[in-house]
Amino acid sequence: MLLNETRKFDIYTHVLDPSNEAPSKIACNAFFQGDLMDYETVYNFGKQVDVLTIEIENVNVDALEKLEKEGVKVFPSSKTLRTIQNKAKQKLFYIDHNLPTASFSRFAYLSEIEDAINNGGLEFPFVWKAAQFGYDGNGVKIVKHLSDLEGLPNGECIAEKLVPFKNELAVIVARNVKGDVKVYPVVEMEFHPEANQVEYVICPARISKEVALKAELIALKASSAFKHVGLLAVEMFQTTNDEILINEVAPRPHNSGHHTIEASYTSQFEQHIRAILDLPLGKTDSKVGGIMVNLVGDEAYSGNVVYKNIESIMEMDGVTPHIYGKKQTRPFRKMGHVTIVHEDINEARKIAENVKNSIKVISE
């Protein structure tokens with residue numbers, strides 16, 4: 001989706017991806033297959049470009065740091081990525097910068113959690129999070145009993161207080177090289193109870209103006225602390241007493257902003273390109289209410305993908321599917337998304353439910 005914007009502005013692009021069947025292969029000017037965590041692969045790729053950006057945090061940061069020293073513009077910076085790649089470091093960053101977040105404990109090994117429980121230093125329930133390489137709901141688990149720890153990786157992790165909350169919210173902040181900042185409206189996210197993936201993103205969030213302003217200000221404070229260039233998606237909890245706590249951040253185009261393609265004056269993808277090239281930032285207001293529905297692989301299917309009933313959702317007014325071009329589906333794999341736009345956000349939510357129940361991502 002970033003490449004749609006680079007083509008619009010006639011920007012020459014190189015892409016590095018681990019898969020030779022990556023959908024981006026057909027939309028860029030030069031494609032390279034390689035391991036994003038391999039130093040030499042990332043370094044050699046980066047030497048060929050003027051500006052380097054990322055769509056996933058799991059990239060070799062040492063290579064990015066070396067490229068920065070040699071004059072390549074890297075956004076987000078290696079410093080920002082080092083902090084965000086590790087959830088323990090990320091949480092400590094919030095504490096150091098007086099950003100509100102749920103209380104937590106840091107552990108070098110999973111076995112230390114059991115010791116803390118036995119010694120009374122940690123109480124059920126809590127949220128276990130792997131310190132590194134978590135993505136799309138992986139690396140996160142609610143722990144209510146000791147047996148819930150079984151099968152989890154025995155590496156660095158955090159145990160976070162399970163916060164009672166009303167809503168999960170997100171705010172995307174755009175910041176260019178000069179430091180100009182613009183913020184998108186607060187969105188509300190509804191999650192799949194099993195896969196821990198976003199099912200619906202609702203914009204505007206159905207919250208009070210006071211809570212929305214509070215969320216916006218905290219997101220701007222986080223942006224200022226990171227001094228990022230590009231986008232920063234700030235995911236937050238709205239607690240039962242309307243406090244706002246940061247859950248985590250992503251320094252890139254984010255699932256919580258996909259609706260902006262149809263619903264906003266400037267999509268998050270165009271905005272990211274504007275920001276990293278130090279161009280004027282676009283208008284972030286919504287033109288209309290928007291809801292995004294994630295299209296993920298049905299849990300009962302794997303293989304060559306089929307989008308069952310896609311014609312039926314395309315008959316609905318205000319509905320636009322985006323198919324990512326991945327050839328193989330598997331349970332809960334993100335395969336695309338659908339945007340629903342409507343003047344009435346509650347009516348849009350009803351249509352989104354209909355879309356969700358109609359289209360199925362299955363296999364041949």
# chains A, B, ... in the order shown; residues from 1 in each chain; ligands from 1
>>> select_by_dssp(residues="region 115-286 of chain A", states="strand (DSSP E)", output="VMD selection string")
chain A and resid 126 to 130 140 to 143 157 to 161 165 to 175 181 to 183 187 to 191 198 to 203 230 to 239 244 to 250
>>> residues_around(residues="Leu64 (chain A)", least_positions_apart="6", cutoff="7 Å", atoms="only C-alpha atoms", output="ChimeraX atom specification")
/A:43,74,78
>>> residues_around(residues="Tyr200 (chain A)", least_positions_apart="6", cutoff="6 Å", atoms="only C-alpha atoms", output="MDAnalysis selection string")
chainID A and resid 189:190 292:293
>>> closest_atom_pairs(of="region 292-325 of chain A", to="region 337-343 of chain A", cutoff="12 Å", atoms="only C-alpha atoms", output="CSV")
residue,atom,partner,partner_atom,distance
A:Met292,CA,A:Thr339,CA,4.5
A:Val293,CA,A:Val338,CA,5.1
A:Asn294,CA,A:His337,CA,4.4
A:Leu295,CA,A:His337,CA,4.8
A:Val296,CA,A:His337,CA,8.2
A:Gly297,CA,A:His337,CA,11.4
A:Tyr307,CA,A:His337,CA,11.6
A:Ile310,CA,A:Val338,CA,10.2
A:Ile313,CA,A:Val338,CA,9.2
A:Met314,CA,A:Val338,CA,9.9
A:Met316,CA,A:Ile340,CA,9.2
A:Asp317,CA,A:Ile340,CA,8.3
A:Gly318,CA,A:Val341,CA,5.1
A:Val319,CA,A:Ile340,CA,4.6
A:Thr320,CA,A:Thr339,CA,5.2
A:Pro321,CA,A:Val338,CA,4.2
A:His322,CA,A:His337,CA,5.3
A:Ile323,CA,A:His337,CA,6.7
A:Tyr324,CA,A:His337,CA,8.2
A:Gly325,CA,A:His337,CA,11.5
>>> residues_around(residues="Glu65 (chain A)", least_positions_apart="2", cutoff="8 Å", atoms="only C-alpha atoms", output="MDAnalysis selection string")
chainID A and resid 61:63 67:69 77:79
